[in-house]
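input-v4.cif follows (mmCIF, C-alpha atoms):
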```cif
data_work
loop_
_atom_site.label_atom_id
_atom_site.label_comp_id
_atom_site.auth_asym_id
_atom_site.auth_seq_id
_atom_site.Cartn_x
_atom_site.Cartn_y
_atom_site.Cartn_z
CA MET A 10 0.00 0.00 0.00
CA VAL A 11 1.23 3.48 -0.84
CA THR A 12 0.28 6.38 1.44
CA MET A 13 1.00 10.07 1.16
CA GLY A 14 0.95 12.89 3.67
CA ARG A 15 1.95 16.49 4.08
CA THR A 16 1.73 19.46 6.37
CA MET A 17 0.57 22.96 5.53
CA ASP A 18 3.08 25.12 7.36
CA TRP A 19 2.16 28.56 6.13
CA VAL A 20 2.58 32.04 7.55
CA GLU A 21 -1.16 32.54 7.98
CA ASP A 22 -4.47 30.69 8.07
CA ILE A 23 -5.47 30.06 4.44
CA LYS A 24 -9.06 29.33 5.51
CA THR A 25 -8.97 25.71 4.34
CA ASP A 26 -12.25 23.98 3.58
CA LEU A 27 -12.76 20.51 2.15
CA TRP A 28 -14.60 20.29 -1.16
CA ALA A 29 -15.98 17.19 -2.90
CA PHE A 30 -16.42 17.33 -6.67
CA PRO A 31 -18.12 14.71 -8.85
CA ALA A 32 -16.83 13.83 -12.32
CA GLY A 33 -18.42 15.70 -15.22
CA ILE A 34 -18.00 19.28 -13.98
CA LYS A 35 -17.30 21.87 -16.68
CA ARG A 36 -14.22 23.82 -15.62
CA SER A 37 -12.30 26.91 -16.59
CA GLY A 38 -8.70 27.81 -15.88
CA ASN A 39 -9.89 31.31 -14.94
CA GLU A 40 -13.48 32.28 -15.71
CA SER A 41 -12.72 36.00 -16.08
CA ASP A 42 -10.08 35.30 -18.76
CA PRO A 43 -11.31 34.91 -22.37
CA LYS A 44 -8.15 32.86 -23.17
CA SER A 45 -8.83 30.44 -20.33
CA LEU A 46 -8.33 26.71 -20.79
CA ALA A 47 -11.67 24.84 -20.52
CA TRP A 48 -12.33 21.16 -19.77
CA THR A 49 -14.83 18.73 -18.28
CA SER A 50 -13.57 16.72 -15.31
CA LYS A 51 -13.08 13.00 -15.99
CA TYR A 52 -12.69 12.09 -12.32
CA GLY A 53 -14.29 13.03 -9.04
CA SER A 54 -12.08 14.48 -6.30
CA ILE A 55 -11.87 15.61 -2.71
CA VAL A 56 -9.68 18.67 -2.18
CA ALA A 57 -8.50 21.10 0.46
CA SER A 58 -9.09 24.66 -0.66
CA GLY A 59 -6.85 27.66 -0.12
CA TYR A 60 -8.51 30.99 0.69
CA ASN A 61 -11.72 29.41 -0.70
CA ILE A 62 -10.54 30.24 -4.23
CA GLY A 63 -8.50 27.24 -5.36
CA SER A 64 -7.42 23.67 -4.68
CA THR A 65 -4.16 23.24 -2.79
CA ASP A 66 -4.23 19.50 -2.11
CA GLY A 67 -6.44 16.60 -3.08
CA ILE A 68 -7.03 13.09 -4.31
CA ASN A 69 -9.16 11.93 -7.22
CA SER A 70 -11.33 8.85 -7.67
CA GLU A 71 -8.43 6.99 -9.36
CA GLY A 72 -6.04 7.59 -6.45
CA LEU A 73 -3.98 10.42 -7.98
CA CYS A 74 -2.87 12.91 -5.32
CA ALA A 75 -1.86 16.51 -6.02
CA ASN A 76 -0.17 18.98 -3.69
CA LEU A 77 0.83 22.60 -4.28
CA LEU A 78 3.81 23.75 -2.26
CA TYR A 79 5.50 27.13 -1.96
CA LEU A 80 8.51 27.71 -4.20
CA SER A 81 9.91 31.22 -3.85
CA THR A 82 11.98 30.90 -7.04
CA ALA A 83 9.07 29.83 -9.26
CA SER A 84 8.99 31.86 -12.47
CA TYR A 85 6.23 31.05 -14.97
CA GLY A 86 7.50 33.24 -17.83
CA GLN A 87 5.58 35.55 -20.13
CA PRO A 88 2.31 34.15 -21.49
CA LYS A 89 2.60 32.95 -25.08
CA PRO A 90 -0.22 34.35 -27.25
CA ASP A 91 -0.94 31.02 -28.99
CA ARG A 92 -1.71 29.19 -25.71
CA LYS A 93 -4.67 29.00 -23.35
CA ASN A 94 -4.23 30.23 -19.76
CA LEU A 95 -4.49 28.20 -16.55
CA SER A 96 -4.56 29.94 -13.17
CA ILE A 97 -2.06 28.63 -10.63
CA LEU A 98 -5.03 28.52 -8.23
CA ILE A 99 -6.64 25.68 -10.23
CA TRP A 100 -3.44 23.93 -11.44
CA ALA A 101 -3.73 21.05 -8.94
CA GLN A 102 -7.43 20.67 -9.72
CA TYR A 103 -6.65 20.41 -13.43
CA PHE A 104 -4.45 17.38 -12.72
CA LEU A 105 -7.04 15.76 -10.44
CA ASP A 106 -9.76 16.31 -13.05
CA ASN A 107 -7.82 14.98 -16.02
CA TYR A 108 -5.32 12.30 -15.04
CA ALA A 109 -5.52 8.85 -13.43
CA THR A 110 -1.76 8.20 -13.14
CA VAL A 111 1.47 10.13 -12.81
CA ASP A 112 2.79 8.68 -16.07
CA GLU A 113 -0.29 9.86 -17.96
CA ALA A 114 0.02 13.34 -16.45
CA VAL A 115 3.73 13.63 -17.23
CA LYS A 116 3.30 12.52 -20.85
CA ASP A 117 0.48 15.01 -21.46
CA PHE A 118 1.63 18.03 -19.45
CA ASP A 119 5.20 17.68 -20.77
CA LYS A 120 3.81 19.07 -24.03
CA ASP A 121 3.91 22.45 -22.23
CA PHE A 122 0.65 23.57 -23.85
CA VAL A 123 -0.65 26.20 -21.41
CA ASN A 124 0.40 29.47 -19.84
CA ILE A 125 0.47 29.16 -16.07
CA ILE A 126 -0.82 32.43 -14.64
CA ALA A 127 0.38 33.32 -11.13
CA ASN A 128 -2.43 35.11 -9.33
CA THR A 129 -2.11 37.52 -6.46
CA LEU A 130 -3.31 35.92 -3.21
CA PRO A 131 -5.75 37.62 -0.84
CA ASN A 132 -2.81 38.57 1.41
CA GLY A 133 -1.26 40.52 -1.50
CA SER A 134 1.59 38.11 -2.25
CA GLN A 135 2.16 36.36 -5.58
CA ALA A 136 1.31 32.69 -5.80
CA THR A 137 4.66 31.00 -6.40
CA VAL A 138 4.34 27.25 -6.11
CA HIS A 139 5.35 23.96 -7.60
CA LEU A 140 3.16 20.87 -7.91
CA ALA A 141 3.80 17.35 -6.64
CA ILE A 142 1.68 14.42 -7.77
CA ALA A 143 1.66 10.76 -6.73
CA ASP A 144 -0.46 7.80 -7.70
CA ARG A 145 -1.50 4.53 -6.10
CA SER A 146 1.49 2.68 -7.65
CA GLY A 147 3.94 4.93 -5.77
CA ASP A 148 4.98 6.87 -8.88
CA ASN A 149 5.79 10.54 -8.27
CA ALA A 150 6.45 13.70 -10.25
CA ILE A 151 7.23 17.30 -9.43
CA PHE A 152 6.30 20.08 -11.86
CA GLU A 153 7.98 23.44 -11.47
CA TYR A 154 8.67 26.48 -13.58
CA VAL A 155 12.27 27.69 -13.51
CA ASP A 156 13.17 30.80 -15.50
CA GLY A 157 9.88 30.51 -17.37
CA LYS A 158 10.43 26.89 -18.44
CA LEU A 159 8.59 23.81 -17.27
CA VAL A 160 10.83 21.30 -15.47
CA ILE A 161 9.45 17.88 -14.58
CA HIS A 162 11.17 15.53 -12.11
CA HIS A 163 9.56 12.11 -12.62
CA SER A 164 10.55 9.01 -10.66
CA LYS A 165 9.43 6.90 -7.73
CA LYS A 166 12.52 8.23 -5.95
CA TYR A 167 10.96 11.73 -5.72
CA ASN A 168 8.94 10.91 -2.63
CA VAL A 169 9.85 13.96 -0.52
CA MET A 170 9.58 17.57 -1.61
#
```

Write the structure described by the file as structure tokens, please.
Amino acid sequence: MVTMGRTMDWVEDIKTDLWAFPAGIKRSGNESDPKSLAWTSKYGSIVASGYNIGSTDGINSEGLCANLLYLSTASYGQPKPDRKNLSILIWAQYFLDNYATVDEAVKDFDKDFVNIIANTLPNGSQATVHLAIADRSGDNAIFEYVDGKLVIHHSKKYNVM
């Protein structure tokens, strides 16, 4: 059996609530953005919210876990005009909605097809995070943006971040 855990050691209370989502929800990467990525969730999920505006941690009905963690050096680059936009506040939810395994997520997201948009948080700071995912087989991957480029660390050995 593979288990996963984490702590949320943050400088303030992010007003965490637990949300349960069924499969089949129509989603948007940022509803106020006309260039927003849109999709319909393939999987149901249970998530912990941050500031009641986005998913910070969760697990989907296939056993894929996603966790956003602070990364002060994250740099998402300038948006490319030919790509759709995905808010950093729904990045983890996108993975939970669309992927059953880490391998599937890595193969698809490695195409680097979206602009990740770093929103300003309610406390006034920029959202600078990286994303860790794990599946029921024990496979792991970390997605981070360094100098505007997507870097993916994919291996079962990446079990601590």

**Asked** Between A:Ile55, A:Ala47, A:Leu159, A:Ala109, which is the closest to A:Glu71 once you count only C-alpha atoms?
**Response** A:Ala109

**Prompt:** So which residues get picked by the PyMOL selection byres ((chain A and resi 76-85) around 8) here, written as a list in words?
**Reply:**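 Applied to this file, the PyMOL selection byres ((chain A and resi 76-85) around 8) selects Thr65, Asp66, Gly67, Cys74, Ala75, Gly86, Gln87, Ala101, Asn124, Ile125, Ile126, Ala127, Ala136, Thr137, Val138, His139, Leu140, Ala141, Ile142, Glu153, Tyr154, Val155, Asp156, Gly157, Lys158 and Leu159 of chain A.
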
**Request:** Check which residues satisfy the PyMOL selection byres ((chain A and resi 95) around 7) in the file shown, then give them as a VMD selection string.
**Result:** chain A and resid 38 to 39 45 to 46 93 to 94 96 to 97 100 123 to 126

Limited to C-alpha atoms, could you put the picked residues into a file as a PDB file, in the coordinates of the input?
```pdb
ATOM      1  CA  GLY A  38      -8.700  27.810 -15.880  1.00  0.00           C
ATOM      2  CA  ASN A  39      -9.890  31.310 -14.940  1.00  0.00           C
ATOM      3  CA  SER A  45      -8.830  30.440 -20.330  1.00  0.00           C
ATOM      4  CA  LEU A  46      -8.330  26.710 -20.790  1.00  0.00           C
ATOM      5  CA  LYS A  93      -4.670  29.000 -23.350  1.00  0.00           C
ATOM      6  CA  ASN A  94      -4.230  30.230 -19.760  1.00  0.00           C
ATOM      7  CA  SER A  96      -4.560  29.940 -13.170  1.00  0.00           C
ATOM      8  CA  ILE A  97      -2.060  28.630 -10.630  1.00  0.00           C
ATOM      9  CA  TRP A 100      -3.440  23.930 -11.440  1.00  0.00           C
ATOM     10  CA  VAL A 123      -0.650  26.200 -21.410  1.00  0.00           C
ATOM     11  CA  ASN A 124       0.400  29.470 -19.840  1.00  0.00           C
ATOM     12  CA  ILE A 125       0.470  29.160 -16.070  1.00  0.00           C
ATOM     13  CA  ILE A 126      -0.820  32.430 -14.640  1.00  0.00           C
TER      14      ILE A 126
END
```

**Prompt:** Quick one, how far is atom CA of A:Phe122 from atom CA of A:Arg15?
**Reply:** 28.8 Å

**Fill in**
One residue among A:Phe118, A:Trp19, A:Phe30, A:Tyr103 is nearest to A:Gly53 when using only C-alpha atoms, and that residue is A:Phe30

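With distances restricted to all atoms listed in the file, A:Leu105 is the closest residue to A:Ala32 from A:Val56, A:Val20, A:Leu105, A:Ala114.
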
**Message:** I'd like the residues picked by the PyMOL selection byres ((chain A and resi 49) around 6) written out as a PyMOL selection string, using the chain letters and numbers from the file.
**Reply:** chain A and resi 33-36+48+50

**Prompt:** To one decimal place, how far is atom CA of A:Ile62 from atom CA of A:Phe152 in Å?
**Reply:** 21.1 Å

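For A:Ala57, the residues within 10 Å (counting all atoms listed in the file, excluding itself and residues fewer than 3 positions away along the chain) are Lys24, Thr25, Asp26, Leu27, Trp28, Ala29, Tyr60, Asn61, Gly63, Ser64, Thr65, Asp66, Gly67, Ile68 and Asn76 of chain A.
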
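Between A:Asn132 and the candidates A:Ile23, A:Lys120, A:Val160, A:Tyr52, the tightest atom-to-atom separation, counting only C-alpha atoms, involves A:Ile23.
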
**Request:** Give me, please, the distance in Å between atom CA of A:Pro131 and atom CA of A:Asp106, quoted to one decimal.
**Result:**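 According to the coordinates, atom CA of A:Pro131 and atom CA of A:Asp106 are separated by 24.9 Å.
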
**Request:** Could you give me, as a PyMOL selection string, the residues within 8 Å of A:Ser164, counting all atoms listed in the file and dropping anything in the same chain fewer than 2 positions from it?
**Result:** chain A and resi 148-150+162+166-167
